[in-house]
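Asker: Please read through the structure below; I'll follow up with questions.
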Amino acid sequence: MQKKLKLVVMACLVASAAVAQTPEKQGQETTVTDESAFTFTESQLSEDDNVAQEVAVVGSSTNVYAREAGFRFSPVRFRYRAYGSKYSDVYINGNPANDAERGEFRYSFVGGLNNYTRGVENSLPYEDNHFSMSAMGGSNNYNFRPSALSAGHRVTLTGANRNYTLRGMYSYNSGVNQNGWAFSAGITYRWASPSTAYVEGTFYNSLSYFLGVEKVMGNHSLSLVTWGNPTERGGQGASTDEMYWIANDRYYNPHWGYQNGKKRNSRIIKDFAPAAIMTWDWRINQTTKLTTSVLGKYAMYSSSRLNYDNSDNPQPDYYKKMPSYFYDVWEPYDEESRGATNWEKWQSTYNYLKAAKANRQINWDQLYYVNKQNSREDNTGAAMYYLQRYHDDQLSLSIASTLNKTFTNKATLNVGFNASTNKGMHYQTMDDLLGAARYYNVNSYLIGTYTPEASEVQYDLNDPYRVVKEGDRFGYDYNIRVNKGNLWATYAQDYANLHYFFSARLGGVTMRRDGKMRNGLAPENSYGKSRTAKFVEGGFKFGTNLDLGYGNVITFGIGYEQKAPNARVAFLAPQVNNDFSDNLKLERIFSVEAGYQLKTSWLQANLSGYLTRLQDVTEYSMYYYDTSHSFSYVSLTGINKVYYGLELGMNFKVTNDFNIKALGTVSDAKYLNNAKATYMLSDDGKYRKDIVATRGIREGNTPLTALSLDLNYHKKGWFADLIGNYYDRIYLYYSPVTRYVNDFPTYAGGEYGGQSVTTITGTDGKEHNIATLPDQTMGHGGFMFDAVIGKFFYLSKGRSLTIHLMLNNILNNRNICIGGMEQNRRDIDEQGEAIRTYSFANSPKRFYANGINGMLNITYRF
């Protein structure tokens, strides 16, 4: 629920946090990039687990666009060059920290550690560094050594009307004392209640801690750091424009409802990933340094969801509860569903949903009543409604070592290796029976295809008909083991006015599944260990900068890489069996970019163009398939993609106190071909082959056009920014099920109903003339106006105070769609006829950018 700005300011009077970078002398320009990397992740990482939570943190000391874009465009979940986050690598003290199964870095892993994530080395795709071969989307390395952290105390208080309402942070860093010891300690707490969070029904409760010690011993240094952030939060779900219209609220959240008059969220996310890293630095001599680190973590992530069995869907925005389910409101109209009776049903449904907020939310009291009644009438007492919890736990250990050698002041060599092992534990537990006595560990999707007594309906043949109580595992339980190793080297040299580098890497990946339940659909292929998939990957990069003099620099980079598919997409139906995806291959990545940079006393500017082509990409999705009333596991292989665009950044110094910054990108990111699909339906457990018409589909949930203009004033400790951002060409995630070629009718001739058709040969051998292929859904872009103002105060004896206020979307533009997904249901059958009145193609689920929101921060350093 949107909060008025005056409430933000009132809250901020009692709690606030500084974002501004400490200037070295009064009057120096102050920026927010100091904390930008994690201000936005705390406010933007959330929402719905069905939508990939991907953001970008990029930066460069010489590239204005890259330095500003990740933070500036974060309110719309901007992704650098539209790449998925698995194409960006994050390191901690030179040790890879990306998730071993998904390939992504979870920024919640370091959530709340703003005071410790400032020491980051950013490397763009074609910049050399001392810790890796830079990834396709760039690489970042966080320095968690206590000796590298700014000495002193720091107290930060925050008030906001975002995902959290209040935040308090304290950190202390001793610096290196006379005995060579350095200590660090910090704690952060973030909070919001279901009534104070920006989105009604959500909440936030998170504690973060950081402890570190380091001993410097001559040429050696040994550090040990541990951190974690136990978090519990209530999730927000996307919904349709129809429901947003009825609720008169762009931030309507279908995940909550009233229970005994109190708000209760059905999507509770629990996240805790305690970690520790030990780092040994050895300065062998003045030109050689060896760094070795060992990183261990045990990540525990889970999310609850409301489910049902032999009953109606309890979601308040379920399509059968919508007015448009009864009366056709779309063109072309279905005359049979536009009669008086249909209109009366539309009106009565609308009136009911409009009458009270409770009618648009989950009715917890009713769910408890139905379950208790069923327990009385049925001796089994099986739950008809229940909360299940999906668990994704990761136990990982990795080691990394890097040798940095300086031959001359113009030539360096960096060589390293890293190796890791990861055990992913995936299972489902019964979170709450909602008043029922018990539940049975059987696959209800199969009852109808098979009898209740058939072995196929058992989730675990080793323990059939097991009674499930709260806290018990049911449905699925399996582990995925991933082992990785990587060797890399980078040689860089300055030759006259030319700087160039060459990087290469060679690695290996193995993965396998280990099932803990013997599923009735795969009795011989679900329990125990699968075969092991093995991949050899690697690649190279070459980059160069040519200094033309007078601040003019030409840049160029080219690279090729073969990258192993991650374990998240490697299996066909991991909740059911041990089968690997068909045609599982190494991704082939070719990329090239060129640019121009200018740096003078009054202007810093860069213009870059890039092209990246991916081949043999594998993707994976799971969803409920309405047509077959079953759950669907979908593996897409053989995908080719292309990413290309232009990036511009400028920082124009008008006076000593006034700058104008401009940045923007115009890009494209699309599928080049139709994907091969293998999918399983849970109503029979059989595989099906098909073609998915993905050619021309764009990457979803990020603006492909983003522009920004910033007027920046800074003088005598004051700093202020007026920022205008424009976003366009935001696509939603597409649904494979609406594009299965075999499901489209076959028509003779080149037209159907006056429409031109596309002919695609399906896996059934027939030519399908697709005249009804839906266009990919787009989100509405628009303009957003932001402002920043703050003051830095120098106090006596090295103390300082910073007050900083950020206001976002001041014009309260709530029409900017920041993402969402098409619904995984079809509107037409194999003959091209409408299945129902309700139109899924016209009812995607969307998220909208927050309206006016703010964050007031106060930091005291001493």
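Here, A, B, ... name the chains of the structure tokens in the order displayed, residue numbers run from 1 inside each chain, and ligands are numbered from 1 in the same displayed order.
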Can you tell me, as a list of chain:residue names, what residues are no more than 6 Å from stretch 767-779 of chain A when counting only C-alpha atoms, ignoring any on the same chain fewer than 2 positions away?

Answerer: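 My reading of the contact set: A:Ile730, A:Tyr731, A:Leu732, A:Thr746, A:Tyr747, A:Val757, A:Thr758, A:Thr759, A:Ile760, A:Thr761, A:Cys817.
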
Asker: May I have all residues of stretch 427-580 of chain A that DSSP, computed from the backbone, assigns to strand (DSSP E), given as a ChimeraX atom specification?

Answerer: /A:427-432,439-440,467-468,473-495,498-515,528-529,533-549,552-563

Asker: Just write the chosen residues, C-alpha atoms, as a PDB file, in the first residue's frame.

Answerer:
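File again-v4.pdb, as written:
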ATOM      1  CA  TYR A 427      12.774 -30.589  -0.802  1.00  0.00           C
ATOM      2  CA  GLN A 428       9.256 -29.613   0.191  1.00  0.00           C
ATOM      3  CA  THR A 429       7.781 -29.535   3.681  1.00  0.00           C
ATOM      4  CA  MET A 430       4.305 -29.136   5.077  1.00  0.00           C
ATOM      5  CA  ASP A 431       4.310 -25.645   6.555  1.00  0.00           C
ATOM      6  CA  ASP A 432       0.739 -25.467   7.866  1.00  0.00           C
ATOM      7  CA  TYR A 439      -2.210 -34.988   4.428  1.00  0.00           C
ATOM      8  CA  TYR A 440      -1.078 -37.950   2.306  1.00  0.00           C
ATOM      9  CA  VAL A 467       0.749 -39.506   6.477  1.00  0.00           C
ATOM     10  CA  VAL A 468       2.243 -36.020   6.257  1.00  0.00           C
ATOM     11  CA  ARG A 473       8.925 -33.639   3.886  1.00  0.00           C
ATOM     12  CA  PHE A 474       6.632 -34.658   1.043  1.00  0.00           C
ATOM     13  CA  GLY A 475       6.274 -34.423  -2.739  1.00  0.00           C
ATOM     14  CA  TYR A 476       9.960 -34.432  -3.601  1.00  0.00           C
ATOM     15  CA  ASP A 477      13.351 -34.607  -1.937  1.00  0.00           C
ATOM     16  CA  TYR A 478      16.602 -34.654  -3.876  1.00  0.00           C
ATOM     17  CA  ASN A 479      20.156 -33.318  -3.840  1.00  0.00           C
ATOM     18  CA  ILE A 480      22.215 -31.949  -6.696  1.00  0.00           C
ATOM     19  CA  ARG A 481      25.990 -32.126  -6.473  1.00  0.00           C
ATOM     20  CA  VAL A 482      28.039 -29.689  -8.560  1.00  0.00           C
ATOM     21  CA  ASN A 483      31.847 -29.659  -8.722  1.00  0.00           C
ATOM     22  CA  LYS A 484      33.786 -26.973 -10.546  1.00  0.00           C
ATOM     23  CA  GLY A 485      37.389 -26.178 -11.336  1.00  0.00           C
ATOM     24  CA  ASN A 486      38.885 -23.262 -13.242  1.00  0.00           C
ATOM     25  CA  LEU A 487      42.342 -22.093 -14.378  1.00  0.00           C
ATOM     26  CA  TRP A 488      42.822 -18.589 -15.738  1.00  0.00           C
ATOM     27  CA  ALA A 489      45.537 -16.137 -16.721  1.00  0.00           C
ATOM     28  CA  THR A 490      45.718 -12.498 -17.818  1.00  0.00           C
ATOM     29  CA  TYR A 491      48.699 -10.745 -19.327  1.00  0.00           C
ATOM     30  CA  ALA A 492      48.516  -6.948 -19.627  1.00  0.00           C
ATOM     31  CA  GLN A 493      51.048  -4.496 -21.048  1.00  0.00           C
ATOM     32  CA  ASP A 494      51.421  -0.839 -21.908  1.00  0.00           C
ATOM     33  CA  TYR A 495      53.280  -0.227 -25.145  1.00  0.00           C
ATOM     34  CA  LEU A 498      48.655   1.353 -26.351  1.00  0.00           C
ATOM     35  CA  HIS A 499      47.359  -0.722 -23.429  1.00  0.00           C
ATOM     36  CA  TYR A 500      46.323  -4.272 -24.212  1.00  0.00           C
ATOM     37  CA  PHE A 501      45.556  -7.480 -22.374  1.00  0.00           C
ATOM     38  CA  PHE A 502      44.938 -11.096 -23.195  1.00  0.00           C
ATOM     39  CA  SER A 503      42.942 -13.382 -20.887  1.00  0.00           C
ATOM     40  CA  ALA A 504      42.170 -17.069 -21.126  1.00  0.00           C
ATOM     41  CA  ARG A 505      40.564 -19.666 -18.922  1.00  0.00           C
ATOM     42  CA  LEU A 506      40.014 -23.424 -18.881  1.00  0.00           C
ATOM     43  CA  GLY A 507      37.602 -25.187 -16.559  1.00  0.00           C
ATOM     44  CA  GLY A 508      35.598 -28.290 -15.862  1.00  0.00           C
ATOM     45  CA  VAL A 509      32.136 -28.911 -14.385  1.00  0.00           C
ATOM     46  CA  THR A 510      30.459 -32.084 -13.184  1.00  0.00           C
ATOM     47  CA  MET A 511      26.921 -32.476 -11.883  1.00  0.00           C
ATOM     48  CA  ARG A 512      24.577 -35.224 -10.787  1.00  0.00           C
ATOM     49  CA  ARG A 513      21.250 -35.738  -8.987  1.00  0.00           C
ATOM     50  CA  ASP A 514      20.719 -37.902  -5.903  1.00  0.00           C
ATOM     51  CA  GLY A 515      17.047 -38.708  -5.260  1.00  0.00           C
ATOM     52  CA  GLY A 528      19.602 -42.762  -5.713  1.00  0.00           C
ATOM     53  CA  LYS A 529      22.315 -41.214  -7.841  1.00  0.00           C
ATOM     54  CA  ALA A 533      27.294 -35.039 -16.601  1.00  0.00           C
ATOM     55  CA  LYS A 534      30.752 -33.668 -17.398  1.00  0.00           C
ATOM     56  CA  PHE A 535      31.704 -30.518 -19.278  1.00  0.00           C
ATOM     57  CA  VAL A 536      35.005 -28.914 -20.263  1.00  0.00           C
ATOM     58  CA  GLU A 537      34.619 -25.159 -20.696  1.00  0.00           C
ATOM     59  CA  GLY A 538      36.852 -22.197 -21.398  1.00  0.00           C
ATOM     60  CA  GLY A 539      37.524 -19.190 -23.553  1.00  0.00           C
ATOM     61  CA  PHE A 540      39.664 -16.156 -24.241  1.00  0.00           C
ATOM     62  CA  LYS A 541      39.425 -12.377 -24.409  1.00  0.00           C
ATOM     63  CA  PHE A 542      41.494  -9.654 -25.969  1.00  0.00           C
ATOM     64  CA  GLY A 543      41.080  -5.992 -25.129  1.00  0.00           C
ATOM     65  CA  THR A 544      42.948  -2.831 -25.976  1.00  0.00           C
ATOM     66  CA  ASN A 545      42.901   0.925 -25.313  1.00  0.00           C
ATOM     67  CA  LEU A 546      44.643   3.309 -27.697  1.00  0.00           C
ATOM     68  CA  ASP A 547      45.432   6.750 -26.280  1.00  0.00           C
ATOM     69  CA  LEU A 548      45.240   9.301 -29.108  1.00  0.00           C
ATOM     70  CA  GLY A 549      46.286  12.164 -26.861  1.00  0.00           C
ATOM     71  CA  ASN A 552      40.938  10.807 -26.535  1.00  0.00           C
ATOM     72  CA  VAL A 553      40.923   7.013 -26.178  1.00  0.00           C
ATOM     73  CA  ILE A 554      39.723   4.286 -28.554  1.00  0.00           C
ATOM     74  CA  THR A 555      38.727   0.944 -26.979  1.00  0.00           C
ATOM     75  CA  PHE A 556      38.180  -2.463 -28.555  1.00  0.00           C
ATOM     76  CA  GLY A 557      37.521  -5.955 -27.250  1.00  0.00           C
ATOM     77  CA  ILE A 558      36.747  -9.372 -28.687  1.00  0.00           C
ATOM     78  CA  GLY A 559      36.200 -12.746 -27.055  1.00  0.00           C
ATOM     79  CA  TYR A 560      34.922 -16.268 -27.408  1.00  0.00           C
ATOM     80  CA  GLU A 561      33.827 -18.626 -24.663  1.00  0.00           C
ATOM     81  CA  GLN A 562      32.229 -22.025 -24.190  1.00  0.00           C
ATOM     82  CA  LYS A 563      30.247 -22.112 -20.970  1.00  0.00           C
TER      83      LYS A 563
END

Asker: Using DSSP on the backbone, list every residue of stretch 158-263 of chain A that comes out as helix (DSSP H, G or I), and give them as a list in words.

Answerer: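 DSSP on the backbone gives helix (DSSP H, G or I) at Asp241, Glu242, Met243, Tyr244, Trp245, Ile246 and Ala247 of chain A.
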
Asker: Which one is closest to A:Glu242: A:Ala564, A:Met133, A:Met322, A:Ala192? Count only C-alpha atoms.

Answerer: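 The answer is A:Met322, which sits nearest to A:Glu242.
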
Asker: Which distance in Å separates atom CA of A:Ala273 and atom CA of A:Asn229, to one decimal?

Answerer: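 About the pair atom CA of A:Ala273 and atom CA of A:Asn229: they are 6.7 Å apart.
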
Asker: I'd like the contact shell of stretch 78-86 of chain A - 9 Å cut-off, only C-alpha atoms, skipping same-chain residues fewer than 5 positions apart - returned as a PDB file with N, CA and C atoms, in the first residue's frame.

Answerer:
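Saved the output as around13.pdb:
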ATOM      1  N   GLN A  53      14.715 -12.932 -10.132  1.00  0.00           N
ATOM      2  CA  GLN A  53      15.134 -11.702  -9.479  1.00  0.00           C
ATOM      3  C   GLN A  53      16.557 -11.386  -9.926  1.00  0.00           C
ATOM      4  N   GLU A  54      16.680 -10.620 -10.977  1.00  0.00           N
ATOM      5  CA  GLU A  54      17.979 -10.325 -11.525  1.00  0.00           C
ATOM      6  C   GLU A  54      18.189  -8.818 -11.569  1.00  0.00           C
ATOM      7  N   VAL A  55      19.347  -8.395 -11.073  1.00  0.00           N
ATOM      8  CA  VAL A  55      19.715  -6.997 -11.125  1.00  0.00           C
ATOM      9  C   VAL A  55      21.170  -6.918 -11.562  1.00  0.00           C
ATOM     10  N   ALA A  56      21.649  -5.718 -11.828  1.00  0.00           N
ATOM     11  CA  ALA A  56      23.012  -5.555 -12.293  1.00  0.00           C
ATOM     12  C   ALA A  56      23.743  -4.568 -11.407  1.00  0.00           C
ATOM     13  N   VAL A  57      24.942  -4.929 -11.020  1.00  0.00           N
ATOM     14  CA  VAL A  57      25.834  -3.993 -10.356  1.00  0.00           C
ATOM     15  C   VAL A  57      27.109  -3.947 -11.190  1.00  0.00           C
ATOM     16  N   VAL A  58      27.299  -2.877 -11.925  1.00  0.00           N
ATOM     17  CA  VAL A  58      28.463  -2.721 -12.776  1.00  0.00           C
ATOM     18  C   VAL A  58      29.137  -1.412 -12.415  1.00  0.00           C
ATOM     19  N   ALA A  66      28.715   3.023 -17.289  1.00  0.00           N
ATOM     20  CA  ALA A  66      28.740   1.840 -16.436  1.00  0.00           C
ATOM     21  C   ALA A  66      28.772   2.207 -14.961  1.00  0.00           C
ATOM     22  N   ALA A  69      24.837   3.571 -14.372  1.00  0.00           N
ATOM     23  CA  ALA A  69      23.605   2.952 -14.868  1.00  0.00           C
ATOM     24  C   ALA A  69      22.984   1.969 -13.886  1.00  0.00           C
ATOM     25  N   GLY A  70      23.796   1.115 -13.251  1.00  0.00           N
ATOM     26  CA  GLY A  70      23.237   0.085 -12.395  1.00  0.00           C
ATOM     27  C   GLY A  70      22.379   0.644 -11.283  1.00  0.00           C
ATOM     28  N   PHE A  71      22.832   1.728 -10.660  1.00  0.00           N
ATOM     29  CA  PHE A  71      22.072   2.343  -9.572  1.00  0.00           C
ATOM     30  C   PHE A  71      20.974   3.256 -10.107  1.00  0.00           C
ATOM     31  N   ARG A  72      21.286   4.048 -11.123  1.00  0.00           N
ATOM     32  CA  ARG A  72      20.344   5.040 -11.625  1.00  0.00           C
ATOM     33  C   ARG A  72      19.057   4.391 -12.142  1.00  0.00           C
ATOM     34  N   PHE A  73      19.178   3.249 -12.805  1.00  0.00           N
ATOM     35  CA  PHE A  73      18.018   2.607 -13.405  1.00  0.00           C
ATOM     36  C   PHE A  73      17.456   1.467 -12.553  1.00  0.00           C
ATOM     37  N   ASN A  98      29.306 -16.798  -6.853  1.00  0.00           N
ATOM     38  CA  ASN A  98      28.029 -17.051  -7.528  1.00  0.00           C
ATOM     39  C   ASN A  98      27.448 -18.392  -7.086  1.00  0.00           C
ATOM     40  N   ASP A  99      26.127 -18.496  -7.125  1.00  0.00           N
ATOM     41  CA  ASP A  99      25.443 -19.733  -6.798  1.00  0.00           C
ATOM     42  C   ASP A  99      25.867 -20.833  -7.777  1.00  0.00           C
ATOM     43  N   ARG A 102      22.564 -22.155 -10.035  1.00  0.00           N
ATOM     44  CA  ARG A 102      21.920 -21.206 -10.931  1.00  0.00           C
ATOM     45  C   ARG A 102      22.915 -20.335 -11.676  1.00  0.00           C
ATOM     46  N   GLY A 103      24.133 -20.248 -11.190  1.00  0.00           N
ATOM     47  CA  GLY A 103      25.142 -19.416 -11.823  1.00  0.00           C
ATOM     48  C   GLY A 103      25.017 -17.952 -11.482  1.00  0.00           C
ATOM     49  N   GLU A 104      24.039 -17.576 -10.642  1.00  0.00           N
ATOM     50  CA  GLU A 104      23.789 -16.179 -10.317  1.00  0.00           C
ATOM     51  C   GLU A 104      24.365 -15.851  -8.940  1.00  0.00           C
ATOM     52  N   PHE A 105      24.649 -14.580  -8.716  1.00  0.00           N
ATOM     53  CA  PHE A 105      25.023 -14.130  -7.382  1.00  0.00           C
ATOM     54  C   PHE A 105      23.782 -13.581  -6.704  1.00  0.00           C
ATOM     55  N   MET A 136      31.168 -12.154 -19.219  1.00  0.00           N
ATOM     56  CA  MET A 136      30.458 -11.513 -20.320  1.00  0.00           C
ATOM     57  C   MET A 136      29.749 -10.248 -19.869  1.00  0.00           C
ATOM     58  N   GLY A 137      29.224 -10.259 -18.638  1.00  0.00           N
ATOM     59  CA  GLY A 137      28.546  -9.088 -18.093  1.00  0.00           C
ATOM     60  C   GLY A 137      29.383  -8.333 -17.083  1.00  0.00           C
ATOM     61  N   ASN A 566      24.195 -24.441 -16.470  1.00  0.00           N
ATOM     62  CA  ASN A 566      24.159 -24.603 -15.018  1.00  0.00           C
ATOM     63  C   ASN A 566      23.172 -25.711 -14.646  1.00  0.00           C
ATOM     64  N   TYR A 610      28.231  -2.661 -28.772  1.00  0.00           N
ATOM     65  CA  TYR A 610      28.579  -4.049 -28.470  1.00  0.00           C
ATOM     66  C   TYR A 610      27.676  -5.000 -29.245  1.00  0.00           C
ATOM     67  N   TYR A 643      22.489 -10.087 -28.573  1.00  0.00           N
ATOM     68  CA  TYR A 643      22.394  -8.860 -27.778  1.00  0.00           C
ATOM     69  C   TYR A 643      23.259  -7.806 -28.471  1.00  0.00           C
ATOM     70  N   TYR A 644      22.703  -6.631 -28.692  1.00  0.00           N
ATOM     71  CA  TYR A 644      23.507  -5.568 -29.281  1.00  0.00           C
ATOM     72  C   TYR A 644      22.911  -4.226 -28.874  1.00  0.00           C
ATOM     73  N   GLY A 645      23.746  -3.181 -28.928  1.00  0.00           N
ATOM     74  CA  GLY A 645      23.238  -1.869 -28.566  1.00  0.00           C
ATOM     75  C   GLY A 645      24.323  -0.826 -28.457  1.00  0.00           C
ATOM     76  N   THR A 665      21.044   4.086 -22.948  1.00  0.00           N
ATOM     77  CA  THR A 665      21.309   2.933 -23.792  1.00  0.00           C
ATOM     78  C   THR A 665      20.101   2.655 -24.670  1.00  0.00           C
ATOM     79  N   SER A 667      19.117  -0.636 -26.981  1.00  0.00           N
ATOM     80  CA  SER A 667      19.654  -1.976 -27.205  1.00  0.00           C
ATOM     81  C   SER A 667      18.558  -2.920 -27.680  1.00  0.00           C
ATOM     82  N   ASP A 668      18.980  -4.117 -28.003  1.00  0.00           N
ATOM     83  CA  ASP A 668      18.043  -5.183 -28.317  1.00  0.00           C
ATOM     84  C   ASP A 668      18.632  -6.483 -27.787  1.00  0.00           C
ATOM     85  N   ALA A 669      17.744  -7.409 -27.438  1.00  0.00           N
ATOM     86  CA  ALA A 669      18.145  -8.700 -26.879  1.00  0.00           C
ATOM     87  C   ALA A 669      17.056  -9.695 -27.223  1.00  0.00           C
ATOM     88  N   GLU A 699      14.260 -10.482 -24.451  1.00  0.00           N
ATOM     89  CA  GLU A 699      14.516 -10.705 -23.033  1.00  0.00           C
ATOM     90  C   GLU A 699      13.524  -9.885 -22.223  1.00  0.00           C
ATOM     91  N   GLY A 700      13.003 -10.481 -21.166  1.00  0.00           N
ATOM     92  CA  GLY A 700      11.959  -9.828 -20.395  1.00  0.00           C
ATOM     93  C   GLY A 700      12.457  -9.159 -19.126  1.00  0.00           C
ATOM     94  N   ASN A 701      11.609  -8.254 -18.622  1.00  0.00           N
ATOM     95  CA  ASN A 701      11.768  -7.640 -17.307  1.00  0.00           C
ATOM     96  C   ASN A 701      12.999  -6.754 -17.175  1.00  0.00           C
ATOM     97  N   THR A 702      13.339  -6.057 -18.231  1.00  0.00           N
ATOM     98  CA  THR A 702      14.363  -5.025 -18.168  1.00  0.00           C
ATOM     99  C   THR A 702      14.125  -4.060 -19.329  1.00  0.00           C
ATOM    100  N   PRO A 703      14.295  -2.751 -19.124  1.00  0.00           N
ATOM    101  CA  PRO A 703      14.102  -1.822 -20.238  1.00  0.00           C
ATOM    102  C   PRO A 703      15.222  -1.952 -21.254  1.00  0.00           C
ATOM    103  N   LEU A 704      14.881  -2.051 -22.522  1.00  0.00           N
ATOM    104  CA  LEU A 704      15.881  -2.092 -23.588  1.00  0.00           C
ATOM    105  C   LEU A 704      16.262  -0.684 -24.042  1.00  0.00           C
ATOM    106  N   ALA A 706      16.813   3.030 -22.083  1.00  0.00           N
ATOM    107  CA  ALA A 706      16.847   3.736 -20.798  1.00  0.00           C
ATOM    108  C   ALA A 706      17.711   4.978 -20.954  1.00  0.00           C
ATOM    109  N   ILE A 818       7.402  -2.586 -14.619  1.00  0.00           N
ATOM    110  CA  ILE A 818       8.806  -2.973 -14.469  1.00  0.00           C
ATOM    111  C   ILE A 818       9.022  -4.462 -14.704  1.00  0.00           C
TER     112      ILE A 818
END

Asker: So that I can check the surroundings of A:Asp317, please list as an NGL selection string every protein, DNA and RNA residue that reaches within 9 Å of it, counting only C-alpha atoms and ignoring chain neighbours fewer than 6 positions away.

Answerer: :A and (239-240 or 243 or 254 or 360-361)

Asker: Could those residues be written to a file, using N, CA and C atoms, as a PDB file, in the first residue's frame?

Answerer:
ATOM      1  N   SER A 239      -0.141  -9.351 -10.357  1.00  0.00           N
ATOM      2  CA  SER A 239      -1.532  -9.637 -10.675  1.00  0.00           C
ATOM      3  C   SER A 239      -1.868  -9.022 -12.028  1.00  0.00           C
ATOM      4  N   THR A 240      -3.123  -9.168 -12.444  1.00  0.00           N
ATOM      5  CA  THR A 240      -3.564  -8.681 -13.748  1.00  0.00           C
ATOM      6  C   THR A 240      -4.045  -7.240 -13.650  1.00  0.00           C
ATOM      7  N   MET A 243      -7.487  -6.860 -12.058  1.00  0.00           N
ATOM      8  CA  MET A 243      -7.572  -6.818 -10.603  1.00  0.00           C
ATOM      9  C   MET A 243      -7.022  -5.509 -10.048  1.00  0.00           C
ATOM     10  N   PRO A 254      -1.942 -10.197  -4.056  1.00  0.00           N
ATOM     11  CA  PRO A 254      -2.859 -11.328  -3.831  1.00  0.00           C
ATOM     12  C   PRO A 254      -2.373 -12.340  -2.809  1.00  0.00           C
ATOM     13  N   ARG A 360     -11.197  -9.217  -1.818  1.00  0.00           N
ATOM     14  CA  ARG A 360     -10.133  -9.310  -2.832  1.00  0.00           C
ATOM     15  C   ARG A 360      -8.887  -9.987  -2.287  1.00  0.00           C
ATOM     16  N   GLN A 361      -8.976 -10.497  -1.063  1.00  0.00           N
ATOM     17  CA  GLN A 361      -7.809 -11.120  -0.448  1.00  0.00           C
ATOM     18  C   GLN A 361      -8.124 -12.564  -0.048  1.00  0.00           C
TER      19      GLN A 361
END

Asker: For A:Val90, which residue among A:Trp181, A:Tyr107, A:Tyr352, A:Tyr298 is the nearest when counting only C-alpha atoms?

Answerer: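 When distances to A:Val90 are compared using only C-alpha atoms, the smallest one comes from A:Tyr107.
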
Asker: Would you kindly return, as a ChimeraX atom specification, each protein, DNA or RNA residue with an atom no farther than 10 Å from any atom of stretch 244-247 of chain A, considering only C-alpha atoms and excluding same-chain residues fewer than 2 positions away?

Answerer: /A:238-242,249-253,317,322-323,350-351,353-357,360,846

Asker: Quote the spacing between atom CA of A:Arg118 and atom CA of A:Ser150 in Å to one decimal place.

Answerer: 9.9 Å

Asker: So the first atom is atom CA of A:Tyr550 and the second is atom CA of A:Val64; what is the distance between them in Å, to one decimal place?

Answerer: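 Between these atoms lies a distance of 18.1 Å.
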
Asker: Residues near A:Ser396, anyone? I mean within 12 Å using only C-alpha atoms, not counting same-chain ones fewer than 3 positions away, as a ChimeraX atom specification.

Answerer: /A:96-101,273-277,294-300,393,399,419-425,480-484

Asker: Smallest atom-to-atom distance to A:Asn673: which of A:Glu121, A:Asp616, A:Asp721, A:Asp312, using only C-alpha atoms?

Answerer: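 Looking only at the distances to A:Asn673, the closest residue turns out to be A:Asp616.
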
Asker: Could you check the closest approach to A:Ala720 for each of A:Arg826, A:Gly696, A:Asn842, A:Ile789 and tell me which residue wins, using only C-alpha atoms?

Answerer: A:Ile789

Asker: Need to verify the contact set: A:Arg466, 10 Å, only C-alpha atoms, exclusion of same-chain residues closer than 3 positions in sequence. Can you return it as a list of chain:residue names?

Answerer: A:Tyr439, A:Tyr440, A:Asn441, A:Val442, A:Gln458, A:Tyr459, A:Asp460, A:Leu461, A:Asn462, A:Asp463, A:Lys469, A:Phe474

Asker: Given the choices A:Thr156, A:Gln388, A:Asn205, A:Asn813, which gets closest to A:Ser193 if the distance is worked out from only C-alpha atoms?

Answerer: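 Ranked by minimum distance to A:Ser193, first place goes to A:Asn205.
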